[in-house]
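First up is the structure itself, then whatever we jot down about it.
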There are 2 protein chains.
Amino acid sequence: MPKAVLLLSGGLDSTTMLAYAIDAGFDVHAMTFRYGQRHAAEIDAARRVARHYPVRDHVVVDIDLRTFGGSALTADIDVPKDRGDADIAHGIPITYVPARNTIFLSFCLAWSEVLGASDIFIGVNALDYSGYPDCRPEYVEAYERMANLATRGGVEGTTPVHIRTPLMHRTKAEIVQLGRSLGVDYALTLSCYDPTPDGLACGHCDSCQLRRKGFAEAGVPDPTRYAAPVA
Amino acid sequence: MPKAVLLLSGGLDSTTMLAYAIDAGFDVHAMTFRYGQRHAAEIDAARRVARHYPVRDHVVVDIDLRTFGGSALTADIDVPKDRGDADIAHGIPITYVPARNTIFLSFCLAWSEVLGASDIFIGVNALDYSGYPDCRPEYVEAYERMANLATRGGVEGTTPVHIRTPLMHRTKAEIVQLGRSLGVDYALTLSCYDPTPDGLACGHCDSCQLRRKGFAEAGVPDPTRYAAPVA
């Protein structure tokens with residue numbers, strides 16, 4: 001089984017990707033970040049998901065991106081609610097965390113080099129996404145190129161690393177359908193940017209809206225536990 | 001004054017680079033990592049250097065690369081001593097820390113984006129160096145390309161970021177001469193991979209050997225405090 005490092009947030013996308021990677025025969029080493037985000041409920045969801053699947057191991061890495069702030073997820077800035085599809089589809093929102101995926105992938109790269117893993121999975125998506133620069137295919141391609149110059153394999157000509165993005169070109173509804181075909185229990189997952197301390201989703205942030213739209217368009221019942229009924 | 005983020009380890013190279021960046025008119029924001037290295041003396045040196053110069057601010061970021069290990073600097077592996085020039089010049093030594101510069105630069109990238117800084121300084125060197133993959137010019141170029149796709153500026157077409165490596169093509173002796181011309185007090189600095197707890201250099205690890213050679217070839221007295229007399 002080829003070894004892979006997989007970024008697991010415990011949300012809908014990364015959980016679907018985990019089910020996909022395991023189904024594809026990878027020996028998965030999952031990595032989650034406690035990065036100073038607004039809530040620990042996300043870490044709880046990642047641990048729940050990692051326990052549910054046969055992952056080889058799961059590490060939770062502590063870094064503090066509040067050192068820099070600059071985002072509604074890492075500074076004292078309100079998370080926008082009910083922005084609507086048009087607003088979500090345009091511009092870079094205040095929930096963007098500067099260089100977050102670059103930092104996350106760099107830790108994955110370190111781990112993959114030590115493990116001798118050939119693949120790094122990241123659940124980025126260029127369709128139903130939040131306009132983040134570090135979710136675009138051209139970014140991922142440039143990251144992979146850099147990664148193959150950064151490490152031992154780049155000098156010695158061994159073990160090139162592939163940044164895998166199986167969700168990149170799927171709509172949220174297609175991701176839900178993929179997960180369903182793989183038996184994913186989405187009740188385990190949490191996508192909300194602003195959940196209650198006990199992990200109930202707000203239903204109104206960009207992430208909740210994209211997720212709700214995905215279930216609706218896929219025609220799949222939404223098992224999300226919301227803090228209050230949503231339309 | 002253009003803002004810059006500068007990686008400061010408190011060693012000979014990064015301290016020379018700091019003097020260079022300040023001389024060149026940059027408003028310097030210095031960043032140091034407590035990454036699980038063998039000793040805190042390196043952090044003390046970085047703080048000493050940062051206090052000595054008019055840097056705008058200095059942050060010490062905590063990350064724990066012992067999570068992965070894989071290096072004599074982050075795992076329970078002896079630091080090689082007295083390897084000699086030929087050995088140092090060939091291959092990737094056990095002091096290489098997987099993806100370390102990629103991780104460090106990624107935090108610099110986050111900070112530079114929040115600050116609106118246009119430049120990131122890293123004191124890598126392709127001549128008198130330890131054979132690390134992530135010190136080569138082709139790596140730095142690929143990193144810069146990736147960085148400009150990773151961030152807000154890459155989408156909005158503003159503020160490209162430059163990865164500056166003013167030491168890349170200088171010998172260690174030339175770096176010492178540059179520092180001398182800028183008035184650097186190398187007694188403030190610590191380059192050793194394996195110092196005593198109170199910050200005395202071992203004199204025999206690759207880093208000490210390269211440093212000693214630099215002073216000798218530059219014809220500059222070596223102010224390093226060694227744990228025992230060196231030849």
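In the structure tokens, the first chain shown is A, the next is B, and so on; residue numbers restart at 1 for each chain, and ligands run from 1 in the order shown.
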Practice task
Any chance you could list, as an MDAnalysis selection string, the residues in stretch 32-164 of chain B that come up helix (DSSP H, G or I) when DSSP is run on the backbone?
Solution key: chainID B and resid 41:52 65:67 84:89 100:115 133:135 137:150 152:156
Written file, previous selection with C-alpha atoms, as a compact mmCIF listing (two decimals), in the first residue's frame:
```txt
# COMPACT_ATOMS: atom_id res chain seq x y z
CA ALA B 41 20.89 28.87 23.04
CA GLU B 42 20.02 29.54 19.40
CA ILE B 43 16.87 31.42 20.48
CA ASP B 44 18.92 33.42 22.99
CA ALA B 45 21.33 34.42 20.22
CA ALA B 46 18.48 35.49 17.95
CA ARG B 47 16.99 37.64 20.72
CA ARG B 48 20.40 39.19 21.40
CA VAL B 49 20.87 40.03 17.74
CA ALA B 50 17.33 41.38 17.33
CA ARG B 51 17.80 43.66 20.35
CA HIS B 52 21.10 44.93 18.93
CA LEU B 65 9.25 19.39 14.37
CA ARG B 66 10.06 16.56 16.78
CA THR B 67 6.58 15.34 15.77
CA GLY B 84 36.20 17.24 7.13
CA ASP B 85 35.65 19.38 4.04
CA ALA B 86 35.16 16.55 1.55
CA ASP B 87 32.41 14.87 3.58
CA ILE B 88 30.67 18.17 4.32
CA ALA B 89 30.65 19.04 0.61
CA ARG B 100 12.39 23.00 7.43
CA ASN B 101 12.96 25.98 5.15
CA THR B 102 9.64 25.32 3.42
CA ILE B 103 7.87 25.45 6.77
CA PHE B 104 9.80 28.54 7.91
CA LEU B 105 9.18 30.41 4.65
CA SER B 106 5.48 29.56 4.81
CA PHE B 107 5.12 31.32 8.15
CA CYS B 108 7.11 34.25 6.73
CA LEU B 109 4.72 34.29 3.78
CA ALA B 110 1.70 34.47 6.11
CA TRP B 111 3.24 37.32 8.08
CA SER B 112 4.32 39.18 4.93
CA GLU B 113 0.79 38.98 3.57
CA VAL B 114 -0.72 40.40 6.76
CA LEU B 115 1.93 43.15 6.96
CA PRO B 133 18.05 20.57 -0.73
CA ASP B 134 16.17 23.62 0.50
CA CYS B 135 19.17 25.94 0.21
CA PRO B 137 18.64 28.59 -5.98
CA GLU B 138 16.21 26.42 -7.98
CA TYR B 139 14.30 25.68 -4.78
CA VAL B 140 14.08 29.35 -3.84
CA GLU B 141 12.88 30.30 -7.33
CA ALA B 142 10.16 27.63 -7.21
CA TYR B 143 9.16 28.80 -3.74
CA GLU B 144 8.78 32.40 -4.91
CA ARG B 145 6.68 31.32 -7.87
CA MET B 146 4.40 29.26 -5.60
CA ALA B 147 4.19 32.08 -3.04
CA ASN B 148 2.90 34.48 -5.65
CA LEU B 149 0.05 32.11 -6.47
CA ALA B 150 -0.70 31.29 -2.82
CA ARG B 152 -4.20 37.52 -2.02
CA GLY B 153 -1.68 39.36 -4.23
CA GLY B 154 -1.59 36.40 -6.60
CA VAL B 155 -5.31 36.70 -7.26
CA GLU B 156 -5.64 40.47 -7.13
```
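Every residue of stretch 113-217 of chain B with a DSSP assignment of strand (DSSP E or B), taken from the backbone, is listed as Asp119, Ile120, Phe121, His162, Ile163, Arg164 and Ala201 of chain B.
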Just to be explicit: take each residue in the selection above, keep C-alpha atoms, and write the result as a PDB file, in the first residue's frame.
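Result file result-v6.pdb:
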```pdb
ATOM      1  CA  ASP B 119      10.247  40.976   0.632  1.00  0.00           C
ATOM      2  CA  ILE B 120      11.212  37.871   2.591  1.00  0.00           C
ATOM      3  CA  PHE B 121      14.887  37.411   3.471  1.00  0.00           C
ATOM      4  CA  HIS B 162      10.275  38.463  -3.469  1.00  0.00           C
ATOM      5  CA  ILE B 163      12.320  35.814  -1.701  1.00  0.00           C
ATOM      6  CA  ARG B 164      15.656  37.541  -1.162  1.00  0.00           C
ATOM      7  CA  ALA B 201      30.033  26.343  20.500  1.00  0.00           C
TER       8      ALA B 201
END
```
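Residues surrounding A:Ala117 within 9 Å are A:Pro2, A:Lys3, A:Ala4, A:Val5, A:Trp111, A:Ser112, A:Thr159, A:Val161 [only C-alpha atoms; sequence separation below 5 positions excluded].
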